[in-house]
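Q: Next up, upload-v1.txt (compact mmCIF, C-alpha atoms).
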# COMPACT_ATOMS: atom_id res chain seq x y z
CA MET S 10 218.73 136.19 212.45
CA LYS S 11 222.06 135.66 214.20
CA ILE S 12 223.21 132.06 213.94
CA LEU S 13 225.89 130.24 215.92
CA LEU S 14 227.41 127.03 214.53
CA THR S 15 229.78 124.72 216.44
CA ALA S 16 232.82 124.25 214.20
CA LYS S 17 236.27 122.72 213.96
CA GLY S 18 237.61 125.85 212.27
CA THR S 19 236.82 129.46 211.35
CA GLU S 20 235.96 129.16 207.62
CA TRP S 21 232.73 128.39 205.76
CA ASP S 22 234.50 125.24 204.50
CA SER S 23 235.51 124.14 208.01
CA LYS S 24 234.03 120.93 209.36
CA MET S 25 231.28 121.23 211.94
CA ASP S 26 232.17 120.15 215.48
CA PRO S 27 229.45 117.66 216.46
CA ARG S 28 229.97 118.44 220.16
CA PHE S 29 228.37 121.44 221.79
CA GLY S 30 230.11 121.82 225.17
CA ARG S 31 233.53 120.89 223.87
CA THR S 32 233.29 122.53 220.45
CA GLU S 33 236.59 123.98 219.22
CA PHE S 34 235.14 127.16 217.70
CA PHE S 35 231.97 129.19 217.46
CA PHE S 36 231.19 130.31 213.90
CA ILE S 37 228.70 133.14 214.18
CA TYR S 38 226.88 134.45 211.10
CA ASP S 39 224.68 137.53 211.18
CA GLU S 40 222.18 137.25 208.32
CA GLU S 41 221.37 140.96 208.38
CA THR S 42 224.89 142.37 208.19
CA LYS S 43 226.30 139.28 206.37
CA LYS S 44 229.20 139.40 208.82
CA VAL S 45 231.02 136.39 210.27
CA ASP S 46 232.46 136.37 213.77
CA THR S 47 234.37 133.51 215.37
CA TYR S 48 235.35 132.52 218.91
CA ASP S 49 238.18 130.16 219.83
CA ASN S 50 236.77 127.80 222.49
CA ARG S 51 239.69 125.36 222.51
CA ALA S 52 240.67 126.19 226.10
CA ILE S 53 237.58 124.15 227.09
CA ALA S 54 239.74 121.01 226.74
CA ASN S 55 241.25 121.95 230.13
CA GLU S 56 237.88 121.70 231.89
CA ALA S 57 237.34 118.31 233.51
CA HIS S 58 233.71 119.06 234.38
CA GLY S 59 231.08 121.57 233.42
CA ALA S 60 232.19 122.19 229.82
CA GLY S 61 228.56 122.31 228.68
CA PRO S 62 227.30 125.11 230.94
CA LYS S 63 230.53 127.07 230.43
CA THR S 64 230.22 126.98 226.64
CA ALA S 65 226.52 127.76 226.88
CA GLN S 66 227.30 130.76 229.09
CA LYS S 67 229.84 131.98 226.52
CA MET S 68 227.28 131.53 223.74
CA SER S 69 224.75 133.59 225.69
CA GLU S 70 227.12 136.59 225.48
CA TYR S 71 226.77 136.65 221.67
CA ASN S 72 223.01 137.29 221.66
CA VAL S 73 222.32 134.74 218.94
CA ASP S 74 218.88 133.48 217.93
CA ILE S 75 219.78 130.08 216.52
CA LEU S 76 222.26 127.34 217.50
CA ILE S 77 223.26 124.74 214.90
CA THR S 78 225.30 121.78 216.18
CA GLY S 79 225.74 118.00 215.87
CA ASN S 80 224.54 116.09 218.88
CA GLY S 81 222.88 118.88 220.79
CA PRO S 82 223.71 120.19 224.26
CA GLY S 83 223.71 117.79 227.23
CA GLY S 84 221.55 118.19 230.33
CA ASN S 85 223.35 121.04 232.11
CA ALA S 86 224.05 123.00 228.92
CA ALA S 87 220.49 122.44 227.72
CA SER S 88 219.10 124.07 230.87
CA VAL S 89 221.23 127.16 230.16
CA VAL S 90 220.18 127.22 226.50
CA LYS S 91 216.56 127.01 227.60
CA GLN S 92 217.02 130.11 229.77
CA THR S 93 218.46 132.06 226.84
CA GLY S 94 215.57 131.19 224.52
CA ILE S 95 217.97 130.22 221.72
CA LYS S 96 216.44 127.76 219.22
CA VAL S 97 218.53 124.60 218.75
CA PHE S 98 218.96 122.63 215.52
CA VAL S 99 220.94 119.36 215.61
CA GLY S 100 222.11 116.69 213.17
CA ALA S 101 224.74 118.79 211.37
CA GLY S 102 227.74 117.02 212.91
CA GLU S 103 229.08 115.48 209.69
CA MET S 104 228.70 118.58 207.47
CA THR S 105 230.82 121.64 206.72
CA VAL S 106 229.70 124.94 208.19
CA LYS S 107 228.38 126.00 204.78
CA GLU S 108 226.46 122.75 204.27
CA ALA S 109 225.03 123.01 207.78
CA TYR S 110 223.81 126.56 207.19
CA GLU S 111 222.23 125.56 203.86
CA ALA S 112 220.61 122.51 205.44
CA TYR S 113 219.15 124.75 208.13
CA LYS S 114 217.83 127.24 205.55
CA SER S 115 216.15 124.47 203.56
CA GLY S 116 214.54 123.08 206.72
CA GLU S 117 216.48 119.80 206.75
CA LEU S 118 217.70 120.13 210.33
CA LYS S 119 215.60 119.45 213.39
CA MET P 21 243.94 100.09 262.65
CA LYS P 22 242.64 101.02 259.21
CA ILE P 23 243.14 98.81 256.18
CA ALA P 24 241.91 99.88 252.75
CA ILE P 25 241.31 97.30 250.04
CA ALA P 26 241.95 99.04 246.72
CA SER P 27 242.86 97.96 243.21
CA GLY P 28 243.31 100.30 240.30
CA LYS P 29 241.51 97.96 237.92
CA GLY P 30 237.85 97.31 238.66
CA GLY P 31 236.50 93.80 239.09
CA THR P 32 239.68 92.30 240.51
CA GLY P 33 238.13 91.11 243.77
CA LYS P 34 238.17 94.01 246.26
CA THR P 35 234.76 93.12 247.61
CA THR P 36 235.51 89.39 247.61
CA VAL P 37 238.62 90.00 249.72
CA SER P 38 236.97 92.65 251.93
CA THR P 39 233.90 90.62 252.84
CA ASN P 40 235.62 87.26 253.31
CA LEU P 41 238.51 88.78 255.25
CA THR P 42 236.18 90.74 257.54
CA SER P 43 233.97 87.75 258.20
CA LEU P 44 236.92 85.50 259.03
CA LEU P 45 238.48 88.16 261.28
CA SER P 46 235.16 88.58 263.12
CA GLU P 47 235.30 84.96 264.24
CA LYS P 48 238.02 86.04 266.67
CA SER P 49 237.69 89.77 267.29
CA ALA P 50 235.63 92.88 266.67
CA VAL P 51 235.96 94.23 263.13
CA VAL P 52 234.28 96.94 261.07
CA LEU P 53 233.75 96.69 257.33
CA THR P 54 232.90 99.90 255.47
CA ASP P 55 231.93 99.94 251.83
CA LEU P 56 233.28 103.22 250.43
CA ASP P 57 232.44 102.48 246.81
CA VAL P 58 229.49 104.82 247.25
CA GLU P 59 228.68 104.92 243.55
CA GLU P 60 227.93 101.21 243.53
CA PRO P 61 228.38 99.57 246.92
CA ASN P 62 228.11 95.77 246.82
CA SER P 63 229.65 94.39 250.01
CA GLY P 64 226.10 94.29 251.36
CA LEU P 65 225.31 91.45 248.97
CA PHE P 66 227.57 89.19 251.04
CA ILE P 67 227.24 90.59 254.56
CA SER P 68 224.01 90.73 256.51
CA GLY P 69 223.05 91.87 259.97
CA GLU P 70 220.54 93.82 261.96
CA LYS P 71 220.17 97.41 260.79
CA ILE P 72 220.98 99.68 263.73
CA CYS P 73 221.22 103.03 261.97
CA GLU P 74 220.08 104.68 258.75
CA VAL P 75 220.77 108.35 258.10
CA ASP P 76 220.45 110.70 255.14
CA LYS P 77 223.65 112.50 254.21
CA TYR P 78 223.68 116.06 252.92
CA LYS P 79 226.12 118.28 251.09
CA MET P 80 225.96 122.06 251.11
CA ILE P 81 225.30 123.85 247.82
CA PRO P 82 224.56 127.50 247.05
CA GLU P 83 221.06 128.67 246.21
CA TRP P 84 220.56 131.94 244.32
CA GLU P 85 218.45 134.64 245.95
CA LYS P 86 217.82 137.25 243.29
CA ASP P 87 216.53 140.21 245.32
CA GLU P 88 219.84 141.74 246.40
CA CYS P 89 221.97 140.32 243.56
CA ILE P 90 223.78 142.93 241.45
CA LEU P 91 224.80 140.38 238.77
CA CYS P 92 228.50 141.18 239.20
CA GLY P 93 229.47 137.67 238.06
CA ASN P 94 232.04 137.17 240.79
CA CYS P 95 230.46 133.81 241.69
CA GLN P 96 231.07 132.50 238.18
CA LYS P 97 234.66 133.76 238.22
CA VAL P 98 235.61 132.05 241.48
CA CYS P 99 234.02 128.68 240.68
CA ASN P 100 236.61 126.18 239.45
CA PHE P 101 233.98 123.63 238.46
CA ASN P 102 231.62 125.67 236.25
CA ALA P 103 228.87 125.02 238.77
CA VAL P 104 227.72 128.65 238.89
CA MET P 105 226.87 130.55 235.70
CA LYS P 106 225.87 134.14 235.20
CA LEU P 107 223.54 134.67 232.26
CA SER P 108 222.29 138.10 231.29
CA LYS P 109 219.83 138.47 234.16
CA ILE P 110 220.05 135.30 236.18
CA ILE P 111 222.54 133.17 238.10
CA MET P 112 222.27 129.41 237.50
CA VAL P 113 223.63 126.82 239.93
CA PHE P 114 224.40 123.24 238.85
CA PRO P 115 224.22 121.23 242.09
CA GLU P 116 225.79 118.10 240.55
CA LEU P 117 228.88 120.04 239.49
CA CYS P 118 229.26 121.82 242.83
CA HIS P 119 232.07 120.65 245.13
CA GLY P 120 230.64 122.55 248.11
CA CYS P 121 233.72 124.77 248.56
CA TYR P 122 231.67 127.83 249.65
CA ALA P 123 233.80 130.21 247.50
CA CYS P 124 230.89 131.73 245.55
CA SER P 125 228.81 132.04 248.69
CA GLU P 126 231.50 133.57 250.91
CA LEU P 127 232.78 135.96 248.22
CA CYS P 128 229.36 137.23 247.10
CA PRO P 129 229.19 140.97 247.93
CA THR P 130 225.44 140.85 248.53
CA ASN P 131 225.17 137.41 250.21
CA SER P 132 222.90 136.27 247.41
CA LEU P 133 224.20 132.69 247.35
CA PRO P 134 223.50 131.22 250.80
CA MET P 135 224.54 127.57 251.23
CA LYS P 136 221.65 125.12 251.64
CA PRO P 137 221.71 121.42 252.43
CA LYS P 138 220.98 118.99 249.59
CA LYS P 139 220.58 115.27 250.12
CA MET P 140 223.35 113.34 248.35
CA GLY P 141 223.04 109.84 249.77
CA GLU P 142 222.29 107.46 252.60
CA LEU P 143 224.41 105.73 255.21
CA LYS P 144 223.36 102.39 256.71
CA HIS P 145 224.92 100.59 259.65
CA PHE P 146 224.34 96.87 260.24
CA LYS P 147 225.56 94.70 263.11
CA SER P 148 225.97 90.96 263.41
CA GLY P 149 227.92 89.68 266.44
CA ASN P 150 231.49 90.94 266.24
CA LEU P 151 230.97 92.42 262.82
CA ASP P 152 229.82 95.95 262.13
CA PHE P 153 229.04 96.75 258.50
CA ILE P 154 228.57 100.27 257.17
CA GLU P 155 227.67 101.23 253.64
CA SER P 156 226.91 104.53 251.99
CA LYS P 157 225.22 104.99 248.68
CA LEU P 158 224.84 108.08 246.48
CA ILE P 159 221.35 108.85 245.24
CA ILE P 160 220.76 108.65 241.49
CA GLY P 161 222.14 111.64 239.61
CA GLU P 162 224.74 112.57 242.22
CA GLU P 163 228.23 112.78 240.73
CA GLN P 164 230.35 113.70 243.73
CA ALA P 165 231.52 110.64 245.64
CA VAL P 166 234.12 112.41 247.79
CA PRO P 167 231.82 114.31 250.20
CA LEU P 168 229.87 111.14 250.99
CA ILE P 169 233.05 109.09 251.46
CA LYS P 170 234.36 111.77 253.81
CA GLN P 171 231.18 111.80 255.92
CA THR P 172 231.18 107.99 256.03
CA LEU P 173 234.77 107.97 257.31
CA ASP P 174 233.78 110.55 259.95
CA TYR P 175 230.93 108.26 261.07
CA VAL P 176 233.36 105.35 261.47
CA ASP P 177 235.83 107.51 263.43
CA GLU P 178 233.10 108.76 265.76
CA ASN P 179 231.60 105.33 266.44
CA PHE P 180 234.58 103.00 266.86
CA PRO P 181 237.75 103.16 268.95
CA ASP P 182 241.12 103.49 267.20
CA LYS P 183 242.22 99.98 268.11
CA THR P 184 239.40 98.17 266.32
CA ILE P 185 240.39 96.69 262.98
CA LYS P 186 238.60 98.62 260.25
CA ILE P 187 238.45 97.32 256.70
CA PHE P 188 237.53 99.77 253.93
CA ASP P 189 236.31 98.45 250.59
CA ALA P 190 237.56 101.26 248.31
CA PRO P 191 236.27 102.29 244.89
CA PRO P 192 238.29 101.22 241.83
CA GLY P 193 240.64 103.51 239.93
CA THR P 194 243.12 106.10 241.16
CA SER P 195 241.07 109.31 241.13
CA CYS P 196 239.67 111.54 243.90
CA PRO P 197 237.28 108.98 245.48
CA VAL P 198 240.15 106.50 245.87
CA ILE P 199 242.40 109.15 247.41
CA GLU P 200 239.65 110.06 249.88
CA ALA P 201 238.99 106.39 250.72
CA THR P 202 242.66 105.55 251.31
CA LYS P 203 244.27 108.69 252.70
CA ASP P 204 243.64 107.89 256.37
CA ALA P 205 244.44 104.17 256.10
CA ASP P 206 247.52 102.69 257.76
CA LEU P 207 247.88 99.89 255.26
CA ILE P 208 246.67 99.49 251.68
CA LEU P 209 246.05 96.05 250.19
CA LEU P 210 245.97 96.19 246.40
CA VAL P 211 244.00 93.40 244.74
CA THR P 212 245.07 92.60 241.20
CA GLU P 213 244.87 89.85 238.63
CA PRO P 214 247.89 88.40 236.83
CA THR P 215 247.08 89.80 233.39
CA PRO P 216 248.57 92.67 231.35
CA PHE P 217 245.53 94.82 232.15
CA GLY P 218 245.77 93.93 235.84
CA LEU P 219 249.48 94.83 235.88
CA HIS P 220 248.95 98.10 234.02
CA ASP P 221 246.40 99.34 236.55
CA LEU P 222 248.32 97.89 239.50
CA LYS P 223 251.27 100.10 238.53
CA LEU P 224 249.00 103.16 238.53
CA ALA P 225 247.64 102.20 241.94
CA VAL P 226 251.14 101.57 243.34
CA GLU P 227 252.36 104.96 242.09
CA THR P 228 249.31 106.64 243.63
CA MET P 229 249.88 104.95 246.99
CA LYS P 230 253.59 105.81 246.91
CA ALA P 231 252.68 109.47 246.36
CA LEU P 232 250.45 109.19 249.46
CA LYS P 233 253.39 107.53 251.31
CA LYS P 234 251.33 104.45 252.12
CA ASP P 235 252.51 100.98 253.09
CA ILE P 236 251.19 98.49 250.57
CA GLY P 237 250.81 94.78 249.99
CA VAL P 238 249.54 92.98 246.91
CA ILE P 239 246.92 90.24 246.70
CA ILE P 240 246.82 88.35 243.41
CA ASN P 241 243.34 87.11 242.64
CA ARG P 242 242.49 84.54 239.95
CA PHE P 243 246.03 83.24 240.35
CA GLY P 244 246.86 80.76 237.58
CA ILE P 245 245.56 82.74 234.62
CA GLY P 246 247.63 85.20 232.59
CA ASP P 247 251.37 85.45 233.12
CA ALA P 248 254.06 85.97 235.79
CA ASN P 249 254.62 89.68 235.12
CA VAL P 250 252.74 90.90 238.21
CA GLU P 251 254.94 88.74 240.44
CA GLU P 252 258.10 89.96 238.67
CA TYR P 253 256.99 93.58 239.00
CA CYS P 254 256.32 93.19 242.73
CA GLU P 255 259.66 91.48 243.27
CA GLU P 256 261.57 94.19 241.39
CA ASN P 257 259.86 96.90 243.41
CA ASN P 258 260.04 95.16 246.80
CA ILE P 259 256.28 95.00 247.17
CA PRO P 260 255.16 92.06 249.31
CA ILE P 261 252.74 89.60 247.69
CA ILE P 262 250.72 88.49 250.66
CA ALA P 263 248.17 86.16 249.09
CA LYS P 264 247.42 84.33 245.86
CA ILE P 265 243.76 83.41 245.53
CA PRO P 266 243.45 80.63 242.97
CA ASN P 267 241.34 80.89 239.82
CA MET P 268 238.50 78.39 240.33
CA ARG P 269 235.12 78.03 238.68
CA LYS P 270 233.62 77.15 242.06
CA ILE P 271 234.59 80.57 243.43
CA ALA P 272 232.60 82.28 240.68
CA GLU P 273 229.62 80.01 241.35
CA ILE P 274 229.56 80.68 245.10
CA TYR P 275 230.13 84.41 244.54
CA SER P 276 227.23 84.51 242.09
CA ASN P 277 224.96 83.15 244.81
CA GLY P 278 225.95 86.00 247.11
CA GLU P 279 227.79 83.71 249.51
CA LEU P 280 231.13 83.95 251.26
CA LEU P 281 233.86 81.64 249.96
CA TYR P 282 236.07 80.51 252.78
CA HIS P 283 233.51 78.24 254.50
CA LYS P 284 233.42 76.09 251.39
CA ILE P 285 236.85 76.53 249.79
CA PRO P 286 239.84 75.71 252.02
CA GLU P 287 242.30 77.17 249.48
CA VAL P 288 240.64 80.57 249.91
CA LYS P 289 240.64 80.28 253.69
CA ALA P 290 244.37 79.50 253.65
CA GLN P 291 245.06 82.64 251.60
CA LEU P 292 242.89 84.79 253.90
CA GLU P 293 244.90 83.46 256.84
CA ASN P 294 248.07 84.64 255.06
CA ILE P 295 246.53 88.10 254.88
CA ILE P 296 245.56 88.00 258.57
CA THR P 297 249.11 86.97 259.52
CA PHE P 298 250.49 89.85 257.45
CA ILE P 299 248.10 92.28 259.15
CA SER P 300 248.95 91.15 262.69
CA GLU P 301 252.68 91.33 261.98
CA TYR P 302 252.17 94.82 260.58
CA GLN P 303 250.17 95.75 263.67
CA GLN P 304 252.94 94.57 266.00
CA GLU P 305 255.72 96.28 264.02
CA ASN P 306 253.87 99.57 263.98
CA THR P 307 252.28 99.22 267.43
CA LEU P 308 248.79 99.96 266.10
Before we go any further, please render this structure as structure tokens.

A:
Amino acid sequence: MKILLTAKGTEWDSKMDPRFGRTEFFFIYDEETKKVDTYDNRAIANEAHGAGPKTAQKMSEYNVDILITGNGPGGNAASVVKQTGIKVFVGAGEMTVKEAYEAYKSGELK
Amino acid sequence: MKIAIASGKGGTGKTTVSTNLTSLLSEKSAVVLTDLDVEEPNSGLFISGEKICEVDKYKMIPEWEKDECILCGNCQKVCNFNAVMKLSKIIMVFPELCHGCYACSELCPTNSLPMKPKKMGELKHFKSGNLDFIESKLIIGEEQAVPLIKQTLDYVDENFPDKTIKIFDAPPGTSCPVIEATKDADLILLVTEPTPFGLHDLKLAVETMKALKKDIGVIINRFGIGDANVEEYCEENNIPIIAKIPNMRKIAEIYSNGELLYHKIPEVKAQLENIITFISEYQQENTL
């Protein structure tokens, strides 16, 4: 499984970013290769409108299977996510990336 | 002549001034009131008349036709509003984000994004004696106020001669809808209240109107509360204060019943007459 987490930084100890569309970073973990990839999404702060679909479009380029975030994508972003078939888990907004991944693995996230 | 009633801060009395001023003016001459706060028009609560026109208003948005599309992604690149997105095998359009600029449609190499009309709101026109009242309202879910404001202004231009006095009840704030609602006006009347919050937003509104090179006058509503800082600011910046509507419980009571004020409150009528005097002097000076 390839998992994308919305994060405030690029480390396992970084805080999660509870926002999807305006997340600062993508933290992408490939469970098969054990490799971590990150994407700096901070330029999204310059977008007055449409941050959600734009971030969702970017996410779609990474071919991930799972999205873990805090509040979940809003309406426009959600319709993109639906098209991509990515499964969404929310409620990890207050955790670190590591805690969020572990919570997902133990089935604590919805 | 076009007069926009604007404010900066919301809830300062734009609609109170617009509706009462229009009604009083209509006792002597023809006047048109247009509610341009299309996200939440409310002048209609105070003005009634016979409905003489009701039309749906449309904006143009692109619709993806997949057959010829080569998924080059140019549409996504040229959109400044993230309203068009290329995913791996499809193009998604977000109508609420679209500003109808035609860029994606015109620059598509395969003409796969033809522009199609989408209903964004409704315009209604009422008439009662000398008074014409026009209001437009966005349908639920529509985010773009500017295209509807623009089409409403076009309707007014097409249906009334230049000389008629036209009052525009503008939206609050200083963003795009306010610019659209005020940019063609000859004179802008800024309604404020004499409080720190009122002054803060008045300054923003004044700076906006200066950037648009507009003539402005200030109306202080709920005069008697707060402090004297609005008056001092206007004096320092040579902005005329043309009326001071007193703070009275009775005004709130009458307003809450959806009624006009000046029939029942002489103090309000006197202030409206100050505004009318200011307008006619402005008209003569500028030969409008």

Q: Go through chain S residue by residue and, counting only C-alpha atoms, keep those with an atom at most 9 Å from chain P; for each kept residue give the shortest atom pair and its distance in Å to one decimal, ordered by chain and increasing number, as JSON lines.

A:
{"residue": "S:Glu56", "atom": "CA", "partner": "P:Phe101", "partner_atom": "CA", "distance": 7.9}
{"residue": "S:Ala57", "atom": "CA", "partner": "P:Phe101", "partner_atom": "CA", "distance": 8.0}
{"residue": "S:His58", "atom": "CA", "partner": "P:Phe101", "partner_atom": "CA", "distance": 6.1}
{"residue": "S:Gly59", "atom": "CA", "partner": "P:Asn102", "partner_atom": "CA", "distance": 5.0}
{"residue": "S:Ala60", "atom": "CA", "partner": "P:Asn102", "partner_atom": "CA", "distance": 7.3}
{"residue": "S:Gly61", "atom": "CA", "partner": "P:Asn102", "partner_atom": "CA", "distance": 8.8}
{"residue": "S:Pro62", "atom": "CA", "partner": "P:Asn102", "partner_atom": "CA", "distance": 6.9}
{"residue": "S:Lys63", "atom": "CA", "partner": "P:Asn102", "partner_atom": "CA", "distance": 6.1}
{"residue": "S:Gln66", "atom": "CA", "partner": "P:Leu107", "partner_atom": "CA", "distance": 6.3}
{"residue": "S:Lys67", "atom": "CA", "partner": "P:Leu107", "partner_atom": "CA", "distance": 8.9}
{"residue": "S:Ser69", "atom": "CA", "partner": "P:Leu107", "partner_atom": "CA", "distance": 6.8}
{"residue": "S:Glu70", "atom": "CA", "partner": "P:Ser108", "partner_atom": "CA", "distance": 7.7}
{"residue": "S:Asn85", "atom": "CA", "partner": "P:Phe114", "partner_atom": "CA", "distance": 7.2}
{"residue": "S:Val89", "atom": "CA", "partner": "P:Met112", "partner_atom": "CA", "distance": 7.7}
{"residue": "S:Gln92", "atom": "CA", "partner": "P:Leu107", "partner_atom": "CA", "distance": 8.3}
{"residue": "S:Thr93", "atom": "CA", "partner": "P:Leu107", "partner_atom": "CA", "distance": 7.9}

Q: Can you tell me how far CA of Cys196 in chain P sits from CA of Lys77 in chain P, in Å to one decimal?

A: 19.1 Å

Q: Compile the contact shell of range 138-144 of chain P as a ChimeraX atom specification: residues with an atom at most 12 Å away, counting all atoms listed in the file, same-chain residues fewer than 5 positions apart removed.

A: /P:53-56,58-61,64,68-83,115-116,118-120,152-176

Q: Please identify all polymer residues lying at most 10 Å from the point (224.8, 124.9, 207.3) (file coordinates), using all atoms listed in the file, and present the result as a list in words.

A: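 Residues found, by chain and rising number: Ile12, Leu14, Trp21, Met25, Ile77, Thr78, Ala101, Met104, Thr105, Val106, Lys107, Glu108, Ala109, Tyr110, Glu111, Ala112, Tyr113, Lys114, Ser115, Glu117 and Leu118 of chain S.
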
Q: Which polymer residues have any atom within 10 Å of an atom of Arg28 in chain S, counting all atoms listed in the file, with same-chain residues fewer than 5 positions away left out, as a list of chain:residue names?

A: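 Here the qualifying residues turn out to be S:Thr15, S:Ala16, S:Lys17, S:Glu33, S:Gly61, S:Thr78, S:Gly79, S:Asn80, S:Gly81, S:Pro82, S:Gly83, S:Gly102.
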